[in-house]
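These notes are about the structure you will find just below.
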Amino acid sequence: MRILITGGAGFIGSHLCDELLKQGHEVLAMDNLITGSLRNLAHLTTRPSFSFIEHDVTKPIHVDGPVDAIYHLASLPSPVDYLEMPIKTLKVGALGTYNALGLAKAKGASLLLASTSEVYGDPRIHPQPETYWGNVNPVGPRGVYDESKRFAEAITMAYHRTHDLETRIARIFNTFGPRMRLDDGRVVPNFCRQAILGNPLTVYDDGSRTRSFCYVSDLVEGLMLLMERGDAMPVNLGNPREMSILDFARTIIELTESPSEITFIVPQDARTKDDPQTRQPDITRARTLLGWTPKVRLEDGLLRTIAWFREQLQD
Ligand SMILES: NC(=O)c1ccc[n+]([C@@H]2O[C@H](COP(=O)([O-])OP(=O)(O)OC[C@H]3O[C@@H](n4cnc5c(N)ncnc54)[C@H](O)[C@@H]3O)[C@@H](O)[C@H]2O)c1
């Protein structure tokens, strides 16, 4: 198949390029490099079945030749980025998804939307099944990301229902692994950087918020199975093992063998405004529909990620 990945120079997108190429597909990675990096794709540039297209998906998308499937990942998902670039975040979620769907319709391609657990907002139901409609503050600082993805889901369903387009919606929960940016502000790079450098790990408030972390290879497998075997309704993809941020900080200190201590801070800016208290996917649907379940143990995934961050910090 000839497959387009928007956001292909990002963290998850670049791993998806690797796996689709391994399966023998032709892969076109599209990215405007606003936060992604060609370094994530450097090992692929000599592959004849791989090409990179520098393009902003908020502008109409034209691709020569056939396209069989589109994985639409372009987005600004890290809090540092969406708080700094709120309008670009809304535009890539709304216009970017509209343009990607337009291309899918023109080419007769199926489209998978990378949505997010953030559509559940600060959830009132725990763990979160796909049937939960969420609890999002549309006018809070995080609303720009959450609502852009909620719009993206709505327009994806509208194209499915109106034009009979084959679509998929993956609600991705926290995912981590090599190629995350050290400075992207998400908890895994934050803690790993602090622990490797021997600095205190900064835990917000009392560290009782919970998260569940999925290793990138598991997530990529889930995305590919969803494209292959899924249906149009949303599917949660994430690791159901839940832990408090405080316990997560302790795990990182242990795995990095770091002398770092933990300090508690109460951010005075928008970083934790409307930050969900709990986050755990109900993956019953992914298990039954796709036969998917995450396999990589948190500690094993973290050791691989820490090794990669160490290399980055030495460069
Ligand atoms: N990593 C996670 O924990 C997580 C969780 C939930 C959802 N997701 C979703 O998965 C997808 C990939 O996330 P990621 O963690 O790899 O993020 P990432 O920031 O590493 O990748 C996103 C890519 O999109 C590109 N991009 C942004 N705006 C663009 C535009 N207008 N035109 C073209 N390219 C553009 C960026 O340059 C970047 O390379 C995103 O859609 C994100 O919302 C990720």
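Residues are referred to by chain and number: the chain letter is A, B, ... according to the order shown in the structure tokens, the number counts from 1 in that chain, and ligands are numbered separately from 1 in the order shown.
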
Margin query: If we count only C-alpha atoms and set the cut-off at 8 Å, which residues sit around region 172-185 of chain A, ignoring sequence neighbours fewer than 2 positions away in its own chain? Please answer as a PyMOL selection string.
Written below: chain A and resi 10-11+40+78-81+114-117+170+187-190+193+211-216+219+236-239+280-281+301-302+304-305+308-309

Checklist line | Secondary structure check, strand (DSSP E or B) residues of region 112-177 of chain A, as a PyMOL selection string | finding: chain A and resi 112-116+121+128+135+167-172+175-176

Restricted to C-alpha atoms, what would the selected residues look like written as a PDB file, in the first residue's frame?
```pdb
ATOM      1  CA  LEU A 112      -7.016   7.073  10.800  1.00  0.00           C
ATOM      2  CA  LEU A 113      -7.260  10.085  13.109  1.00  0.00           C
ATOM      3  CA  ALA A 114      -4.836  10.215  16.030  1.00  0.00           C
ATOM      4  CA  SER A 115      -7.159  11.544  18.696  1.00  0.00           C
ATOM      5  CA  THR A 116      -6.418  11.637  22.388  1.00  0.00           C
ATOM      6  CA  GLY A 121     -11.003  16.135  29.836  1.00  0.00           C
ATOM      7  CA  GLN A 128     -12.593   5.862  30.732  1.00  0.00           C
ATOM      8  CA  ASN A 135     -15.628  16.738  30.868  1.00  0.00           C
ATOM      9  CA  THR A 167     -12.294   6.149   8.887  1.00  0.00           C
ATOM     10  CA  ARG A 168     -10.796   5.205  12.265  1.00  0.00           C
ATOM     11  CA  ILE A 169     -10.439   7.185  15.487  1.00  0.00           C
ATOM     12  CA  ALA A 170      -7.668   6.211  17.898  1.00  0.00           C
ATOM     13  CA  ARG A 171      -7.980   7.789  21.359  1.00  0.00           C
ATOM     14  CA  ILE A 172      -4.355   7.624  22.380  1.00  0.00           C
ATOM     15  CA  THR A 175       2.682   7.208  25.185  1.00  0.00           C
ATOM     16  CA  PHE A 176       6.443   7.359  25.666  1.00  0.00           C
TER      17      PHE A 176
END
```

Next item on the list: Could you tell me which of A:Tyr204, A:Ile5, A:Lys105, A:Gly65 comes closest to Ile53 (chain A) if we count only C-alpha atoms?
Entry: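 So, comparing all the options, the nearest one is A:Ile5.
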
Item checked: atom 6 (C, counted along the ligand's line) of ligand 1 to CA of Thr288 (chain A), distance in Å rounded to a single decimal -> 21.2 Å

Check: Which polymer residues have any atom within 8 Å of an atom of Ile61 (chain A), counting only C-alpha atoms, with same-chain residues fewer than 2 positions away left out, as a PyMOL selection string?
Finding: chain A and resi 55+57+59+63+99-100+103

Check: Looking at only C-alpha atoms, which of A:Leu101, A:Cys17, A:Leu76, A:Leu223 is the one that sits closest to Ser51 (chain A)?
Finding: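 Between A:Leu101, A:Cys17, A:Leu76, A:Leu223, the residue approaching Ser51 (chain A) most closely is A:Cys17.
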
Next item on the list: Could you give me, as an NGL selection string, the residues within 10 Å of Met157 (chain A), counting only C-alpha atoms and dropping anything in the same chain fewer than 6 positions from it?
Entry: :A and (151 or 163-169 or 232-234)

Next item on the list: Skip region 24-28 of chain A itself and residues of its chain fewer than 2 positions away, then list as a ChimeraX atom specification all residues within 9 Å of it, counting only C-alpha atoms.
Entry: /A:1-6,8,17,19-22,30,48-53

Go ahead and save the picked residues with C-alpha atoms, as a short mmCIF file (atom, residue, chain, number, x, y, z; two decimals), in the first residue's frame.
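Written file, selection-v8.cif:
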```cif
data_model
loop_
_atom_site.label_atom_id
_atom_site.label_comp_id
_atom_site.auth_asym_id
_atom_site.auth_seq_id
_atom_site.Cartn_x
_atom_site.Cartn_y
_atom_site.Cartn_z
CA MET A 1 0.00 0.00 0.00
CA ARG A 2 1.03 3.63 -0.48
CA ILE A 3 0.55 5.27 2.92
CA LEU A 4 0.70 8.93 3.98
CA ILE A 5 1.58 9.82 7.57
CA THR A 6 0.95 13.44 8.55
CA GLY A 8 5.55 11.80 10.23
CA CYS A 17 7.07 5.07 9.41
CA GLU A 19 6.95 -0.25 11.15
CA LEU A 20 4.97 0.36 7.95
CA LEU A 21 8.20 0.22 5.92
CA LYS A 22 9.09 -3.06 7.67
CA MET A 30 4.43 14.77 5.68
CA PRO A 48 13.52 3.89 -2.06
CA SER A 49 10.06 3.22 -0.59
CA PHE A 50 10.26 6.24 1.72
CA SER A 51 9.83 9.93 0.95
CA PHE A 52 9.42 13.09 2.98
CA ILE A 53 7.13 15.97 2.02
#
```

Would you write out, as JSON lines, a table of all residues in region 115-149 of chain A that have an atom no more than 12 Å from an atom of region 88-96 of chain A, listing for each the closest atom pair and the distance in Å to one decimal, considering only C-alpha atoms and ordering rows by chain and rising residue number?
```
{"residue": "A:Ser115", "atom": "CA", "partner": "A:Gly93", "partner_atom": "CA", "distance": 9.4}
{"residue": "A:Thr116", "atom": "CA", "partner": "A:Gly93", "partner_atom": "CA", "distance": 11.4}
{"residue": "A:Pro138", "atom": "CA", "partner": "A:Leu90", "partner_atom": "CA", "distance": 11.8}
{"residue": "A:Pro141", "atom": "CA", "partner": "A:Thr89", "partner_atom": "CA", "distance": 11.5}
{"residue": "A:Arg142", "atom": "CA", "partner": "A:Thr89", "partner_atom": "CA", "distance": 10.3}
{"residue": "A:Gly143", "atom": "CA", "partner": "A:Leu90", "partner_atom": "CA", "distance": 9.2}
{"residue": "A:Val144", "atom": "CA", "partner": "A:Leu90", "partner_atom": "CA", "distance": 5.6}
{"residue": "A:Tyr145", "atom": "CA", "partner": "A:Thr89", "partner_atom": "CA", "distance": 6.1}
{"residue": "A:Asp146", "atom": "CA", "partner": "A:Leu90", "partner_atom": "CA", "distance": 9.1}
{"residue": "A:Glu147", "atom": "CA", "partner": "A:Leu90", "partner_atom": "CA", "distance": 7.8}
{"residue": "A:Ser148", "atom": "CA", "partner": "A:Gly93", "partner_atom": "CA", "distance": 4.6}
{"residue": "A:Lys149", "atom": "CA", "partner": "A:Gly93", "partner_atom": "CA", "distance": 5.7}
```

Okay, now the selection with N, CA, C and O atoms, as a compact mmCIF listing (two decimals), in the first residue's frame?
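Result written to again.txt:
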```txt
# COMPACT_ATOMS: atom_id res chain seq x y z
N SER A 115 -6.51 10.70 17.70
CA SER A 115 -7.16 11.54 18.70
C SER A 115 -6.48 11.28 20.04
O SER A 115 -5.37 10.72 20.09
N THR A 116 -7.12 11.66 21.10
CA THR A 116 -6.42 11.64 22.39
C THR A 116 -7.36 11.38 23.55
O THR A 116 -8.57 11.69 23.48
N PRO A 138 -14.12 24.22 27.60
CA PRO A 138 -13.78 24.71 26.26
C PRO A 138 -13.03 26.04 26.27
O PRO A 138 -12.33 26.35 25.31
N PRO A 141 -7.21 27.09 29.21
CA PRO A 141 -6.02 27.08 28.34
C PRO A 141 -5.82 25.76 27.60
O PRO A 141 -5.33 25.74 26.47
N ARG A 142 -6.21 24.62 28.20
CA ARG A 142 -6.04 23.32 27.54
C ARG A 142 -7.10 23.09 26.48
O ARG A 142 -6.97 22.18 25.67
N GLY A 143 -8.17 23.88 26.52
CA GLY A 143 -9.30 23.70 25.59
C GLY A 143 -8.84 23.73 24.14
O GLY A 143 -9.45 23.07 23.29
N VAL A 144 -7.78 24.47 23.85
CA VAL A 144 -7.34 24.59 22.44
C VAL A 144 -6.95 23.23 21.87
O VAL A 144 -7.21 22.94 20.70
N TYR A 145 -6.30 22.42 22.69
CA TYR A 145 -5.91 21.08 22.24
C TYR A 145 -7.11 20.13 22.30
O TYR A 145 -7.46 19.49 21.30
N ASP A 146 -7.76 20.11 23.46
CA ASP A 146 -8.86 19.14 23.67
C ASP A 146 -9.98 19.36 22.65
O ASP A 146 -10.48 18.42 22.03
N GLU A 147 -10.37 20.63 22.49
CA GLU A 147 -11.50 20.90 21.59
C GLU A 147 -11.11 20.71 20.13
O GLU A 147 -11.94 20.36 19.30
N SER A 148 -9.82 20.96 19.79
CA SER A 148 -9.42 20.74 18.39
C SER A 148 -9.54 19.26 18.05
O SER A 148 -9.94 18.88 16.94
N LYS A 149 -9.25 18.39 19.03
CA LYS A 149 -9.36 16.94 18.78
C LYS A 149 -10.82 16.51 18.79
O LYS A 149 -11.21 15.59 18.07
```

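When only C-alpha atoms and all ligand atoms are used to compute distances to ligand 1, the closest of the residues A:Asp31, A:Asp275, A:Asp206, A:Asp218 turns out to be A:Asp31.
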
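Between CA of Arg186 (chain A) and CA of Arg241 (chain A) there is a distance of 18.2 Å.
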
Next item on the list: Using DSSP on the backbone coordinates, identify the residues of region 3-207 of chain A assigned to helix (DSSP H, G or I); present them as a PyMOL selection string.
Entry: chain A and resi 11-22+38-44+79-84+86-107+117-120+143-163+187-196

File of the preceding selection, C-alpha atoms, as a PDB file, in the first residue's frame:
```pdb
ATOM      1  CA  PHE A  11       7.742  11.008  17.930  1.00  0.00           C
ATOM      2  CA  ILE A  12       4.963   8.489  17.178  1.00  0.00           C
ATOM      3  CA  GLY A  13       4.851   9.294  13.440  1.00  0.00           C
ATOM      4  CA  SER A  14       8.491   8.383  12.880  1.00  0.00           C
ATOM      5  CA  HIS A  15       8.080   5.021  14.679  1.00  0.00           C
ATOM      6  CA  LEU A  16       4.999   4.354  12.564  1.00  0.00           C
ATOM      7  CA  CYS A  17       7.068   5.068   9.407  1.00  0.00           C
ATOM      8  CA  ASP A  18       9.579   2.430  10.577  1.00  0.00           C
ATOM      9  CA  GLU A  19       6.945  -0.247  11.155  1.00  0.00           C
ATOM     10  CA  LEU A  20       4.972   0.365   7.948  1.00  0.00           C
ATOM     11  CA  LEU A  21       8.200   0.216   5.923  1.00  0.00           C
ATOM     12  CA  LYS A  22       9.091  -3.061   7.670  1.00  0.00           C
ATOM     13  CA  LEU A  38      14.228  15.264  10.262  1.00  0.00           C
ATOM     14  CA  ARG A  39      16.654  13.563  12.650  1.00  0.00           C
ATOM     15  CA  ASN A  40      13.799  11.171  13.506  1.00  0.00           C
ATOM     16  CA  LEU A  41      13.718  10.100   9.846  1.00  0.00           C
ATOM     17  CA  ALA A  42      17.431  10.377   8.972  1.00  0.00           C
ATOM     18  CA  HIS A  43      17.857   6.577   8.968  1.00  0.00           C
ATOM     19  CA  LEU A  44      15.108   6.228   6.327  1.00  0.00           C
ATOM     20  CA  PRO A  79       1.370  21.257  26.738  1.00  0.00           C
ATOM     21  CA  VAL A  80       4.406  23.509  26.263  1.00  0.00           C
ATOM     22  CA  ASP A  81       3.578  23.793  22.559  1.00  0.00           C
ATOM     23  CA  TYR A  82      -0.179  24.195  22.706  1.00  0.00           C
ATOM     24  CA  LEU A  83      -0.029  26.755  25.504  1.00  0.00           C
ATOM     25  CA  GLU A  84       2.501  28.748  23.463  1.00  0.00           C
ATOM     26  CA  PRO A  86      -2.971  28.016  20.794  1.00  0.00           C
ATOM     27  CA  ILE A  87      -4.177  29.174  17.373  1.00  0.00           C
ATOM     28  CA  LYS A  88      -1.817  26.885  15.450  1.00  0.00           C
ATOM     29  CA  THR A  89      -3.044  24.038  17.696  1.00  0.00           C
ATOM     30  CA  LEU A  90      -6.675  24.736  16.849  1.00  0.00           C
ATOM     31  CA  LYS A  91      -5.835  25.136  13.165  1.00  0.00           C
ATOM     32  CA  VAL A  92      -3.968  21.845  12.838  1.00  0.00           C
ATOM     33  CA  GLY A  93      -6.762  19.979  14.662  1.00  0.00           C
ATOM     34  CA  ALA A  94      -9.529  21.619  12.633  1.00  0.00           C
ATOM     35  CA  LEU A  95      -8.192  22.725   9.216  1.00  0.00           C
ATOM     36  CA  GLY A  96      -5.482  20.051   9.167  1.00  0.00           C
ATOM     37  CA  THR A  97      -8.034  17.298   9.738  1.00  0.00           C
ATOM     38  CA  TYR A  98     -10.428  18.837   7.186  1.00  0.00           C
ATOM     39  CA  ASN A  99      -7.630  18.873   4.585  1.00  0.00           C
ATOM     40  CA  ALA A 100      -6.522  15.322   5.402  1.00  0.00           C
ATOM     41  CA  LEU A 101     -10.113  14.105   5.035  1.00  0.00           C
ATOM     42  CA  GLY A 102     -10.421  15.983   1.741  1.00  0.00           C
ATOM     43  CA  LEU A 103      -7.348  14.157   0.448  1.00  0.00           C
ATOM     44  CA  ALA A 104      -8.710  10.807   1.680  1.00  0.00           C
ATOM     45  CA  LYS A 105     -11.970  11.457  -0.160  1.00  0.00           C
ATOM     46  CA  ALA A 106     -10.196  12.521  -3.375  1.00  0.00           C
ATOM     47  CA  LYS A 107      -7.937   9.434  -3.325  1.00  0.00           C
ATOM     48  CA  SER A 117      -7.565  10.747  25.879  1.00  0.00           C
ATOM     49  CA  GLU A 118      -7.776  14.532  26.371  1.00  0.00           C
ATOM     50  CA  VAL A 119     -11.213  14.358  24.723  1.00  0.00           C
ATOM     51  CA  TYR A 120     -12.322  12.976  28.116  1.00  0.00           C
ATOM     52  CA  GLY A 143      -9.295  23.700  25.589  1.00  0.00           C
ATOM     53  CA  VAL A 144      -7.345  24.587  22.438  1.00  0.00           C
ATOM     54  CA  TYR A 145      -5.913  21.081  22.238  1.00  0.00           C
ATOM     55  CA  ASP A 146      -8.855  19.141  23.668  1.00  0.00           C
ATOM     56  CA  GLU A 147     -11.498  20.897  21.586  1.00  0.00           C
ATOM     57  CA  SER A 148      -9.418  20.736  18.394  1.00  0.00           C
ATOM     58  CA  LYS A 149      -9.358  16.942  18.780  1.00  0.00           C
ATOM     59  CA  ARG A 150     -13.063  16.802  19.646  1.00  0.00           C
ATOM     60  CA  PHE A 151     -13.769  18.790  16.456  1.00  0.00           C
ATOM     61  CA  ALA A 152     -11.404  16.461  14.567  1.00  0.00           C
ATOM     62  CA  GLU A 153     -13.390  13.437  15.785  1.00  0.00           C
ATOM     63  CA  ALA A 154     -16.690  15.092  14.832  1.00  0.00           C
ATOM     64  CA  ILE A 155     -15.589  15.995  11.298  1.00  0.00           C
ATOM     65  CA  THR A 156     -14.068  12.538  10.817  1.00  0.00           C
ATOM     66  CA  MET A 157     -17.429  10.951  11.707  1.00  0.00           C
ATOM     67  CA  ALA A 158     -19.212  13.447   9.416  1.00  0.00           C
ATOM     68  CA  TYR A 159     -17.017  12.424   6.458  1.00  0.00           C
ATOM     69  CA  HIS A 160     -17.643   8.773   7.303  1.00  0.00           C
ATOM     70  CA  ARG A 161     -21.416   9.240   7.486  1.00  0.00           C
ATOM     71  CA  THR A 162     -21.777  11.693   4.587  1.00  0.00           C
ATOM     72  CA  HIS A 163     -19.227  10.374   2.102  1.00  0.00           C
ATOM     73  CA  VAL A 187       6.177  14.178  32.319  1.00  0.00           C
ATOM     74  CA  VAL A 188       8.368  11.374  30.907  1.00  0.00           C
ATOM     75  CA  PRO A 189      11.036  13.644  29.335  1.00  0.00           C
ATOM     76  CA  ASN A 190      10.818  16.070  32.283  1.00  0.00           C
ATOM     77  CA  PHE A 191      11.521  13.442  34.920  1.00  0.00           C
ATOM     78  CA  CYS A 192      14.111  11.548  32.851  1.00  0.00           C
ATOM     79  CA  ARG A 193      16.081  14.742  32.124  1.00  0.00           C
ATOM     80  CA  GLN A 194      15.970  15.845  35.748  1.00  0.00           C
ATOM     81  CA  ALA A 195      16.999  12.403  37.047  1.00  0.00           C
ATOM     82  CA  ILE A 196      19.848  11.920  34.530  1.00  0.00           C
TER      83      ILE A 196
END
```
